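Notes follow once the structure below has been shown.
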Amino acid sequence: MRWGSLIVPVLLAVADALLVNGVTFGLELNVSLVAAAALLVRRKLPALVFLVTLPGILIGYVWFAPMIALYTVAVLRPAHRLLGISALLLAAAHFIPWPVSDFEPTAYRENTLTLIDACVTSVGPIALGLLVRTRGELAARIEDLTRSRRHADELIAEQVLSTERARLAREMHDVVAHQVSLISLQAGAVQISAEDAKAREGARTIRELSVRTLDELRHMVGILRAAGGDHEELTPQPRLADLARMIELSALNVTFETDGATERPGHSEAVERAAFRIVQEALTNVRKHAPGARVTVRVNEAEAPGPESAGSKSAASDSAGRPESAGRQATRPKAAAVPGAAHDAAQQAEEVRGLRVEVRNGPPDASAVAPGLPGGGHGLVGLRERAQLLGGTLEAGPTKEGGFVVRADFPESPRATGPAA
């Protein structure tokens, strides 16, 4: 269509030149063909092309070429002064005969009709060009208005979503907080009235868990009310240092092994929160699907690749199956075995590297009673997405012994921290 709109006017101007001046080459036909050919570049040089077409109407008596050129000027160069001068030039070229000596001032009737034709010839293309330009501008404004309306609809939808989030937050807070508060109150009563020390300890644990649940609930309510805003640090978030206490309160048979990564500073806050949530969700799944199973939680720094870390890899693999103190004793003599590299090895040990979190459980105990806790089936999916947002990986699957393992690896420098936080 673009080439058609460029070529068709040229063909019309050529046909006009041939019909008016015949097919015999002469001054009139040559000037008319030059005017027609100039239309090929009318979009790049509209004013210059219009000037080139004026001899065509003055000498060759062709109308299409100068009128099309003037229409192009009106569309692309709608300056009032330029359009006024162009209209006067086209009217003069149309009104004055060629040769100029043929002009008869006393032929009033013929001169009046020619002047009227000249005015129509010069005003018509300008009016049509301005109309087309105005139509294009209106179409562009309508498109802008449509885009603005769409943006306004999105803002309204976000406002509705924000209102719904606030309503859900209120509902969740009113319902869940009330029930958890009752649990905490009853646990406190049992803790005071119970005579058995073990029962009092269990009641104290239930009360502490209720308080932690209320803190988590307030944090989630704050996120919902923030409606996508900056909701970081609404409440203190769990870190790796809180894993030991969380495992102690889990009421499961858990062995916690670490090489000190939970106490060593320098890890990204988002990575620490993600690691904490992975262990928390994995222990919840054990409680649901494998009651009575033995659980091993390992949190270690991932080994840096390369031949220089081969010794530390073997030491880490030895310490993976032993308690925390055995793992540390296996790694320290390796660093001191090379006197010339003792300082470098110590610095390398202090550097923050990637983090590996592994939760492995054995088969469930047949004599244990399943708690019948509800589950949505989306826990591992959410954990995998959290790990991927930080540039890490998460693997989960059954083991040969009939248990289940969840293993997550996080890089030294997380790729993103906002969504995973």
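Each chain in the structure tokens gets a letter, A, B and so on, in the order shown; residues start at 1 in every chain, and ligands are counted from 1 in the order they appear.
The shell of residues at most 12 Å from Leu252 in chain A, with only C-alpha atoms counted and near chain neighbours (fewer than 4 positions) removed, consists of A:Met246, A:Ile247, A:Glu248, A:Phe256, A:Gln280, A:Ala282, A:Leu283, A:Thr284, A:Asn285, A:Val286, A:Arg287, A:Lys288, A:Ala290, A:Pro291, A:Gly292, A:Ala293, A:Arg294, A:Val295, A:Thr296, A:Val297, A:Asn361, A:Pro364, A:Ala368.
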Closest of A:Val14, A:Ala118, A:Leu380, A:Val100 to Ala408 in chain A - atom-to-atom distances counting only C-alpha atoms: A:Leu380
Close residues, Leu214 in chain A itself excluded, 10 Å, only C-alpha atoms, min 3 positions apart in chain, as JSON, numbers by chain: {"A": [173, 176, 177, 178, 180, 181, 184, 208, 209, 210, 211, 217, 218, 219, 220]}
Per-residue DSSP, range 257-303 of chain A, filtered to strand (DSSP E), as number ranges by chain: A: 257-258, 294-301
How close does range 116-216 of chain A get to range 57-75 of chain A? List, as JSON lines, each residue of range 116-216 of chain A within 10 Å, its nearest atom pair and the distance in Å to one decimal, counting only C-alpha atoms.
```
{"residue": "A:Thr121", "atom": "CA", "partner": "A:Met67", "partner_atom": "CA", "distance": 6.9}
{"residue": "A:Ser122", "atom": "CA", "partner": "A:Met67", "partner_atom": "CA", "distance": 7.1}
{"residue": "A:Val123", "atom": "CA", "partner": "A:Leu70", "partner_atom": "CA", "distance": 9.3}
{"residue": "A:Gly124", "atom": "CA", "partner": "A:Met67", "partner_atom": "CA", "distance": 8.3}
{"residue": "A:Pro125", "atom": "CA", "partner": "A:Tyr71", "partner_atom": "CA", "distance": 4.6}
{"residue": "A:Ile126", "atom": "CA", "partner": "A:Ala74", "partner_atom": "CA", "distance": 5.3}
{"residue": "A:Ala127", "atom": "CA", "partner": "A:Ala74", "partner_atom": "CA", "distance": 7.9}
{"residue": "A:Leu128", "atom": "CA", "partner": "A:Tyr71", "partner_atom": "CA", "distance": 6.9}
{"residue": "A:Gly129", "atom": "CA", "partner": "A:Val75", "partner_atom": "CA", "distance": 4.8}
{"residue": "A:Leu130", "atom": "CA", "partner": "A:Ala74", "partner_atom": "CA", "distance": 5.7}
{"residue": "A:Leu131", "atom": "CA", "partner": "A:Val75", "partner_atom": "CA", "distance": 8.4}
{"residue": "A:Val132", "atom": "CA", "partner": "A:Val75", "partner_atom": "CA", "distance": 6.9}
{"residue": "A:Arg133", "atom": "CA", "partner": "A:Val75", "partner_atom": "CA", "distance": 5.4}
{"residue": "A:Thr134", "atom": "CA", "partner": "A:Val75", "partner_atom": "CA", "distance": 8.8}
{"residue": "A:Gly136", "atom": "CA", "partner": "A:Val75", "partner_atom": "CA", "distance": 9.7}
```
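Near Ile278 in chain A, within 10 Å and counting only C-alpha atoms, sit Glu272, Arg273, Ala274, Ala282, Leu283, Thr284, Val357, Glu358, Val359, Gly379, Leu380, Gly382, Leu383, Arg384, Arg386, Ala387, Leu394, Val406, Arg407 and Ala408 of chain A; same-chain residues fewer than 4 positions away were not included.
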Shell around Leu33 in chain A at 12 Å using only C-alpha atoms, local window under 2 positions removed, as a ChimeraX atom specification: /A:10-31,35-40,52-53,55-57,59-62,64-66
Output of the above residues as a short mmCIF file (atom, residue, chain, number, x, y, z; two decimals), in the first residue's frame, restricted to N, CA and C atoms:
```cif
data_model
loop_
_atom_site.label_atom_id
_atom_site.label_comp_id
_atom_site.auth_asym_id
_atom_site.auth_seq_id
_atom_site.Cartn_x
_atom_site.Cartn_y
_atom_site.Cartn_z
N VAL A 10 1.90 9.43 -9.40
CA VAL A 10 2.82 9.69 -10.51
C VAL A 10 2.22 9.21 -11.83
N LEU A 11 1.61 8.04 -11.84
CA LEU A 11 0.97 7.52 -13.05
C LEU A 11 -0.19 8.41 -13.49
N LEU A 12 -0.96 8.91 -12.51
CA LEU A 12 -2.05 9.83 -12.87
C LEU A 12 -1.50 11.11 -13.49
N ALA A 13 -0.42 11.65 -12.95
CA ALA A 13 0.18 12.88 -13.50
C ALA A 13 0.74 12.63 -14.89
N VAL A 14 1.35 11.47 -15.13
CA VAL A 14 1.86 11.15 -16.47
C VAL A 14 0.72 11.03 -17.46
N ALA A 15 -0.36 10.37 -17.06
CA ALA A 15 -1.52 10.25 -17.94
C ALA A 15 -2.11 11.61 -18.25
N ASP A 16 -2.16 12.49 -17.27
CA ASP A 16 -2.66 13.85 -17.49
C ASP A 16 -1.79 14.59 -18.49
N ALA A 17 -0.45 14.44 -18.35
CA ALA A 17 0.46 15.12 -19.28
C ALA A 17 0.29 14.60 -20.70
N LEU A 18 0.12 13.29 -20.86
CA LEU A 18 -0.04 12.73 -22.21
C LEU A 18 -1.38 13.11 -22.82
N LEU A 19 -2.44 13.15 -22.03
CA LEU A 19 -3.75 13.52 -22.56
C LEU A 19 -3.81 14.98 -22.97
N VAL A 20 -3.14 15.85 -22.21
CA VAL A 20 -3.22 17.28 -22.51
C VAL A 20 -2.26 17.67 -23.63
N ASN A 21 -1.03 17.12 -23.62
CA ASN A 21 0.01 17.56 -24.55
C ASN A 21 0.33 16.54 -25.64
N GLY A 22 -0.35 15.39 -25.65
CA GLY A 22 -0.08 14.40 -26.68
C GLY A 22 1.18 13.61 -26.37
N VAL A 23 1.60 12.81 -27.36
CA VAL A 23 2.76 11.94 -27.15
C VAL A 23 4.01 12.46 -27.85
N THR A 24 3.92 13.62 -28.49
CA THR A 24 5.07 14.20 -29.18
C THR A 24 5.87 15.04 -28.19
N PHE A 25 7.18 14.71 -28.06
CA PHE A 25 8.00 15.42 -27.10
C PHE A 25 8.20 16.86 -27.53
N GLY A 26 8.01 17.76 -26.61
CA GLY A 26 8.20 19.18 -26.82
C GLY A 26 8.33 19.85 -25.47
N LEU A 27 8.35 21.17 -25.44
CA LEU A 27 8.53 21.89 -24.19
C LEU A 27 7.39 21.59 -23.22
N GLU A 28 6.15 21.63 -23.76
CA GLU A 28 5.01 21.41 -22.88
C GLU A 28 5.03 20.01 -22.27
N LEU A 29 5.23 18.98 -23.10
CA LEU A 29 5.22 17.60 -22.60
C LEU A 29 6.41 17.35 -21.68
N ASN A 30 7.57 17.87 -22.03
CA ASN A 30 8.75 17.65 -21.19
C ASN A 30 8.58 18.26 -19.80
N VAL A 31 8.07 19.49 -19.77
CA VAL A 31 7.85 20.15 -18.47
C VAL A 31 6.82 19.38 -17.66
N ALA A 35 7.39 17.42 -14.02
CA ALA A 35 6.52 17.66 -12.86
C ALA A 35 5.96 16.36 -12.30
N ALA A 36 5.59 15.44 -13.22
CA ALA A 36 5.07 14.14 -12.77
C ALA A 36 6.15 13.33 -12.07
N ALA A 37 7.37 13.31 -12.61
CA ALA A 37 8.45 12.53 -12.01
C ALA A 37 8.87 13.09 -10.66
N ALA A 38 8.75 14.40 -10.47
CA ALA A 38 9.14 15.00 -9.19
C ALA A 38 8.26 14.52 -8.04
N LEU A 39 7.07 13.99 -8.36
CA LEU A 39 6.19 13.51 -7.29
C LEU A 39 6.76 12.31 -6.55
N LEU A 40 7.76 11.66 -7.11
CA LEU A 40 8.35 10.50 -6.44
C LEU A 40 9.02 10.88 -5.12
N VAL A 52 8.73 22.72 -8.32
CA VAL A 52 9.09 22.09 -9.59
C VAL A 52 7.86 21.83 -10.44
N THR A 53 6.71 21.58 -9.81
CA THR A 53 5.48 21.28 -10.58
C THR A 53 4.78 22.53 -11.10
N PRO A 55 5.85 24.97 -13.16
CA PRO A 55 5.95 25.13 -14.62
C PRO A 55 5.05 24.17 -15.39
N GLY A 56 4.71 23.03 -14.78
CA GLY A 56 3.84 22.08 -15.45
C GLY A 56 2.46 22.64 -15.70
N ILE A 57 1.91 23.35 -14.70
CA ILE A 57 0.58 23.94 -14.91
C ILE A 57 0.66 25.25 -15.70
N ILE A 59 3.07 26.01 -18.15
CA ILE A 59 3.44 25.78 -19.54
C ILE A 59 2.69 24.60 -20.14
N GLY A 60 2.61 23.49 -19.37
CA GLY A 60 2.01 22.28 -19.91
C GLY A 60 0.53 22.14 -19.64
N TYR A 61 -0.06 23.00 -18.82
CA TYR A 61 -1.51 22.98 -18.54
C TYR A 61 -1.96 21.65 -17.90
N VAL A 62 -1.09 21.09 -17.06
CA VAL A 62 -1.47 19.87 -16.33
C VAL A 62 -1.87 20.27 -14.91
N PHE A 64 -2.91 17.69 -12.30
CA PHE A 64 -2.72 16.67 -11.27
C PHE A 64 -1.41 16.85 -10.50
N ALA A 65 -0.31 17.07 -11.20
CA ALA A 65 0.99 17.15 -10.53
C ALA A 65 1.05 18.29 -9.52
N PRO A 66 0.73 19.54 -9.87
CA PRO A 66 0.80 20.61 -8.87
C PRO A 66 -0.22 20.47 -7.75
#
```
